[in-house]
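Asks: Handing you a structure now.
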Amino acid sequence: MAAANISDVKELERMANKIRLHAIEMTSAAGSGHPGGSMSSAELFAVLYFNVMRHNPKDPEWDGRDKFVLSKGHAAPGLYAALAEAGYFPKEELLTLRKMGTRLQGHPVKGKLPGIEMSTGSLGQGLSMSCGLALAAKLDNKDSKIYCLVGDGELQSGQNWEALMLAAHYRLNNLVVFVDRNHLQIMGTTEETMNIDPLRAKLEAFGMNTMSIDGHSVKKIIKACKRSRTSSVPTAVILNTVKGKGVSFMENNPEFHGRACKPDEKEKAILEIQKAMQ
């Protein structure tokens with residue numbers, strides 16, 4: 001069961017751009033937030049919530065659901081946008097991001113908002129929690145899939161590699177780890193800050209069924225998810241992406257890791273995304 005099983009590639013691409021629009025509008029209304037990493041992950045959010053995952057917005061705690069953990073919790077605007085579009089809560093609520101009393105905290109908080117599986121934001125911890133969910137599903141003989149999105153800068157935290165060892169040791173083939181490989185973090189490039197390459201070789205050495213794909217291709221993301229279902233070991237998918245994807249002046253600009261658009265920038269960004277949706 002899914003909120004809306006969209007199989008048309010163009011419609012999924014359109015949904016990804018809707019998510020980008022929401023991310024721009026939400027962070028601009030808040031005057032803060034992290035638009036860049038939300039925009040680089042837009043295709044993944046669209047594919048998971050509208051094509052791949054079994055979930056039910058009318059029954060968020062449905063026992064048979066697949067689960068998604070946003071380890072890079074600062075990309076919450078993208079996740080919130082996907083959840084709202086799927087019907088977990090009214091889209092009008094998106095503009096309350098980071099406001100006093102809102103359910104839409106700057107990072108996801110379980111229990112605050114339907115559809116949030118884990119509280120995240122302390123980088124390096126979401127993958128460990130995902131391993132726990134995957135192992136629990138195995139022990140309970142459930143066929144649920146656990147999907148986790150980590151940032152590439154986040155992989156500089158050693159806890160991720162301990163989690164990967166555990167996932168391989170227990171052969172958690174119901175776990176799919178996506179890496180948002182946009183090469184940028186708050187202090188600059190991952191190569192300059194702390195190089196994580198050769199990333200694919202490392203993931204393979206840790207026992208993962210590893211793929212490296214265009215992270216802005218909904219077709220390739222769907223194909224990777226299908227391939228993960230036949231693996232006997234956990235899967236890692238490196239999503240080669242562009243931070244700030246969809247807006248020319250935001251793309252590959254580390255400034256927009258944690259800065260909202262100014263009013264004039266917001267209008268330009270919205271026009272660019274709307275043009276891409278035509």
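Simple scheme: letters A, B, ... for chains in structure tokens order, numbers from 1 for residues in each chain, numbers from 1 for ligands in the order shown.
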Could you please write out, as a PyMOL selection string, every residue of stretch 57-266 of chain A that DSSP assigns to strand (DSSP E or B)?

Replies: chain A and resi 67-70+146-151+175-181+184-185+188-189+209-214+235-240

Asks: Would you mind listing what lies within 12 Å of A:Glu204 as an MDAnalysis selection string, with only C-alpha atoms counted and same-chain residues fewer than 5 positions away left out?

Replies: chainID A and resid 161 164:165 168 198:199 209:212 233:238

Asks: Could you tell me which of A:Arg103, A:Arg181, A:His74, A:Lys110 comes closest to A:Gly33 if we count only C-alpha atoms?

Replies: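 Once distances to A:Gly33 are computed over only C-alpha atoms, the minimum belongs to A:His74.
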
Asks: Residues at most 10 Å from stretch 41-48 of chain A, counting only C-alpha atoms, excluding those fewer than 5 positions away in the same chain, as a PyMOL selection string?

Replies: chain A and resi 2+5-7+9+11-20+23+36+53-55+66-68+75+78-83+85-86+147+149+151+178-182+215-219+221-222+225+239+241-246

Asks: For the residues in that selection, give me C-alpha atoms as a CSV table (one decimal), in the first residue's frame.

Replies:
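Output below, filename out.csv:
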```
chain,number,residue,atom,x,y,z
A,2,ALA,CA,1.3,3.4,-0.9
A,5,ASN,CA,1.4,4.7,-6.5
A,6,ILE,CA,2.8,6.9,-9.3
A,7,SER,CA,4.5,4.9,-12.0
A,9,VAL,CA,8.4,9.0,-14.7
A,11,GLU,CA,4.9,12.6,-12.8
A,12,LEU,CA,7.6,11.5,-10.3
A,13,GLU,CA,9.9,14.1,-11.7
A,14,ARG,CA,7.1,16.7,-11.2
A,15,MET,CA,6.6,15.5,-7.6
A,16,ALA,CA,10.4,16.0,-7.0
A,17,ASN,CA,10.1,19.6,-8.2
A,18,LYS,CA,7.0,20.1,-6.0
A,19,ILE,CA,9.2,19.0,-3.1
A,20,ARG,CA,11.9,21.5,-4.1
A,23,ALA,CA,11.6,23.4,0.5
A,36,GLY,CA,20.4,22.7,-0.4
A,53,MET,CA,7.5,2.2,-0.1
A,54,ARG,CA,4.5,0.5,1.4
A,55,HIS,CA,2.9,3.0,3.7
A,66,ASP,CA,8.2,0.0,5.2
A,67,LYS,CA,10.2,2.6,7.1
A,68,PHE,CA,12.3,5.5,6.1
A,75,ALA,CA,17.2,17.9,5.1
A,78,GLY,CA,12.4,17.8,1.9
A,79,LEU,CA,11.0,15.0,4.0
A,80,TYR,CA,8.2,17.1,5.4
A,81,ALA,CA,7.3,18.2,1.9
A,82,ALA,CA,7.0,14.5,0.8
A,83,LEU,CA,4.9,13.6,3.8
A,85,GLU,CA,2.1,15.7,-0.4
A,86,ALA,CA,1.5,12.1,0.5
A,147,TYR,CA,15.4,2.8,3.9
A,149,LEU,CA,19.4,8.4,3.8
A,151,GLY,CA,24.8,12.6,3.9
A,178,PHE,CA,21.3,5.8,0.3
A,179,VAL,CA,24.2,8.2,0.3
A,180,ASP,CA,23.5,11.7,-0.9
A,181,ARG,CA,26.8,12.2,-2.7
A,182,ASN,CA,26.7,15.9,-3.5
A,215,GLY,CA,20.7,10.5,-7.9
A,216,HIS,CA,18.4,12.7,-10.0
A,217,SER,CA,17.2,9.9,-12.2
A,218,VAL,CA,13.9,8.5,-10.9
A,219,LYS,CA,14.3,5.6,-13.3
A,221,ILE,CA,16.5,5.0,-8.3
A,222,ILE,CA,13.5,2.7,-8.9
A,225,CYS,CA,15.4,-0.3,-5.2
A,239,LEU,CA,23.3,8.8,-5.3
A,241,THR,CA,23.7,14.5,-6.8
A,242,VAL,CA,24.0,18.2,-7.0
A,243,LYS,CA,23.4,20.3,-3.9
A,244,GLY,CA,20.7,22.9,-4.5
A,245,LYS,CA,19.6,21.0,-7.6
A,246,GLY,CA,17.0,22.8,-9.7
```

Asks: So what do you get for atom CA of A:Tyr88 versus atom CA of A:Lys58, distance-wise?

Replies: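 Pair atom CA of A:Tyr88 / atom CA of A:Lys58 returns 7.1 Å.
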
Asks: Give me, as number ranges by chain, all polymer residues having an atom no more than 8 Å from stretch 134-141 of chain A, counting only C-alpha atoms and skipping those fewer than 4 positions away in the same chain.

Replies: A: 130, 145-146, 170, 172, 174-175

Asks: Create the file for the chosen residues now, containing C-alpha atoms and written as a short mmCIF file (atom, residue, chain, number, x, y, z; two decimals), in the first residue's frame.

Replies:
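What follows is the written file out03.cif:
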```cif
data_model
loop_
_atom_site.label_atom_id
_atom_site.label_comp_id
_atom_site.auth_asym_id
_atom_site.auth_seq_id
_atom_site.Cartn_x
_atom_site.Cartn_y
_atom_site.Cartn_z
CA SER A 130 18.01 1.86 10.86
CA LYS A 145 12.10 -2.80 4.10
CA ILE A 146 14.08 -0.15 5.97
CA TYR A 170 23.59 -9.94 10.45
CA LEU A 172 20.30 -7.32 6.90
CA ASN A 174 16.04 -5.69 4.22
CA LEU A 175 18.16 -2.55 4.71
#
```

Asks: Report the distance between atom CA of A:Leu21 and atom CA of A:Asp59 in Å, rounded to one decimal place.

Replies: 26.7 Å

Asks: Where in stretch 42-138 of chain A does DSSP assign helix (DSSP H, G or I), given as a ChimeraX atom specification?

Replies: /A:42-52,73-86,91-96,126-138

Asks: For those residues, write N, CA and C atoms to a file as a short mmCIF file (atom, residue, chain, number, x, y, z; two decimals), in the first residue's frame.

Replies:
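Okay, part26.cif is ready:
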```cif
data_model
loop_
_atom_site.label_atom_id
_atom_site.label_comp_id
_atom_site.auth_asym_id
_atom_site.auth_seq_id
_atom_site.Cartn_x
_atom_site.Cartn_y
_atom_site.Cartn_z
N ALA A 42 15.51 15.38 -3.56
CA ALA A 42 14.09 15.46 -3.95
C ALA A 42 13.62 14.24 -4.74
N GLU A 43 14.44 13.77 -5.68
CA GLU A 43 14.02 12.60 -6.47
C GLU A 43 13.88 11.37 -5.59
N LEU A 44 14.78 11.21 -4.63
CA LEU A 44 14.67 10.05 -3.75
C LEU A 44 13.39 10.11 -2.93
N PHE A 45 13.08 11.26 -2.34
CA PHE A 45 11.85 11.40 -1.58
C PHE A 45 10.64 11.06 -2.45
N ALA A 46 10.63 11.57 -3.68
CA ALA A 46 9.50 11.33 -4.58
C ALA A 46 9.34 9.84 -4.89
N VAL A 47 10.45 9.18 -5.21
CA VAL A 47 10.39 7.77 -5.57
C VAL A 47 9.97 6.90 -4.38
N LEU A 48 10.57 7.15 -3.22
CA LEU A 48 10.25 6.31 -2.07
C LEU A 48 8.79 6.46 -1.65
N TYR A 49 8.32 7.68 -1.51
CA TYR A 49 6.98 7.89 -0.96
C TYR A 49 5.85 7.75 -1.97
N PHE A 50 6.18 7.79 -3.27
CA PHE A 50 5.11 7.73 -4.27
C PHE A 50 5.27 6.59 -5.26
N ASN A 51 6.26 5.72 -5.04
CA ASN A 51 6.41 4.58 -5.95
C ASN A 51 6.86 3.31 -5.24
N VAL A 52 7.82 3.41 -4.34
CA VAL A 52 8.49 2.22 -3.81
C VAL A 52 7.93 1.74 -2.48
N GLY A 73 19.35 14.62 9.15
CA GLY A 73 18.10 15.22 9.60
C GLY A 73 17.91 16.67 9.22
N HIS A 74 19.00 17.36 8.86
CA HIS A 74 18.86 18.77 8.45
C HIS A 74 18.10 18.90 7.13
N ALA A 75 17.95 17.81 6.39
CA ALA A 75 17.16 17.85 5.15
C ALA A 75 15.68 17.63 5.44
N ALA A 76 15.26 17.93 6.66
CA ALA A 76 13.86 17.77 7.06
C ALA A 76 12.87 18.48 6.14
N PRO A 77 13.17 19.67 5.61
CA PRO A 77 12.17 20.30 4.71
C PRO A 77 11.77 19.40 3.54
N GLY A 78 12.71 18.67 2.97
CA GLY A 78 12.38 17.77 1.87
C GLY A 78 11.50 16.63 2.32
N LEU A 79 11.81 16.05 3.48
CA LEU A 79 11.00 14.96 4.02
C LEU A 79 9.61 15.46 4.37
N TYR A 80 9.51 16.60 5.05
CA TYR A 80 8.20 17.14 5.41
C TYR A 80 7.35 17.39 4.17
N ALA A 81 7.98 17.91 3.12
CA ALA A 81 7.25 18.18 1.88
C ALA A 81 6.67 16.90 1.29
N ALA A 82 7.48 15.82 1.29
CA ALA A 82 7.00 14.54 0.76
C ALA A 82 5.85 14.00 1.60
N LEU A 83 5.98 14.09 2.93
CA LEU A 83 4.92 13.60 3.81
C LEU A 83 3.62 14.38 3.61
N ALA A 84 3.73 15.69 3.46
CA ALA A 84 2.53 16.51 3.26
C ALA A 84 1.88 16.19 1.92
N GLU A 85 2.68 16.06 0.88
CA GLU A 85 2.13 15.73 -0.44
C GLU A 85 1.48 14.35 -0.42
N ALA A 86 2.01 13.44 0.42
CA ALA A 86 1.45 12.09 0.53
C ALA A 86 0.17 12.05 1.35
N LYS A 91 -0.88 20.39 3.75
CA LYS A 91 0.25 21.08 3.13
C LYS A 91 0.41 22.50 3.66
N GLU A 92 -0.69 23.10 4.10
CA GLU A 92 -0.62 24.46 4.64
C GLU A 92 0.29 24.54 5.86
N GLU A 93 0.42 23.41 6.56
CA GLU A 93 1.23 23.38 7.77
C GLU A 93 2.72 23.49 7.48
N LEU A 94 3.11 23.25 6.24
CA LEU A 94 4.53 23.31 5.88
C LEU A 94 5.14 24.68 6.20
N LEU A 95 4.36 25.72 6.06
CA LEU A 95 4.88 27.07 6.27
C LEU A 95 5.09 27.41 7.75
N THR A 96 4.79 26.45 8.63
CA THR A 96 5.06 26.66 10.06
C THR A 96 6.44 26.15 10.45
N GLY A 126 21.62 7.93 12.57
CA GLY A 126 20.44 7.40 11.90
C GLY A 126 20.64 6.03 11.31
N LEU A 127 21.84 5.76 10.80
CA LEU A 127 22.10 4.46 10.19
C LEU A 127 22.09 3.36 11.26
N SER A 128 22.63 3.66 12.44
CA SER A 128 22.60 2.67 13.53
C SER A 128 21.16 2.34 13.91
N MET A 129 20.32 3.38 13.99
CA MET A 129 18.92 3.15 14.32
C MET A 129 18.22 2.35 13.22
N SER A 130 18.59 2.61 11.98
CA SER A 130 18.01 1.86 10.86
C SER A 130 18.39 0.39 10.94
N CYS A 131 19.63 0.12 11.34
CA CYS A 131 20.05 -1.27 11.52
C CYS A 131 19.20 -1.95 12.60
N GLY A 132 18.90 -1.22 13.67
CA GLY A 132 18.05 -1.77 14.72
C GLY A 132 16.66 -2.09 14.21
N LEU A 133 16.09 -1.19 13.40
CA LEU A 133 14.77 -1.44 12.82
C LEU A 133 14.80 -2.66 11.89
N ALA A 134 15.87 -2.76 11.09
CA ALA A 134 15.98 -3.88 10.15
C ALA A 134 16.16 -5.20 10.89
N LEU A 135 16.97 -5.21 11.93
CA LEU A 135 17.18 -6.43 12.70
C LEU A 135 15.90 -6.84 13.42
N ALA A 136 15.18 -5.85 13.97
CA ALA A 136 13.90 -6.14 14.65
C ALA A 136 12.90 -6.76 13.68
N ALA A 137 12.85 -6.22 12.45
CA ALA A 137 11.94 -6.77 11.45
C ALA A 137 12.30 -8.22 11.13
N LYS A 138 13.59 -8.51 11.04
CA LYS A 138 14.04 -9.88 10.79
C LYS A 138 13.61 -10.81 11.93
#
```

Asks: Pick the closest to A:Val69 from A:Ser144, A:Asn56, A:Gln125, A:Thr102: which is it, counting only C-alpha atoms?

Replies: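 Smallest distance to A:Val69 is found for A:Gln125.
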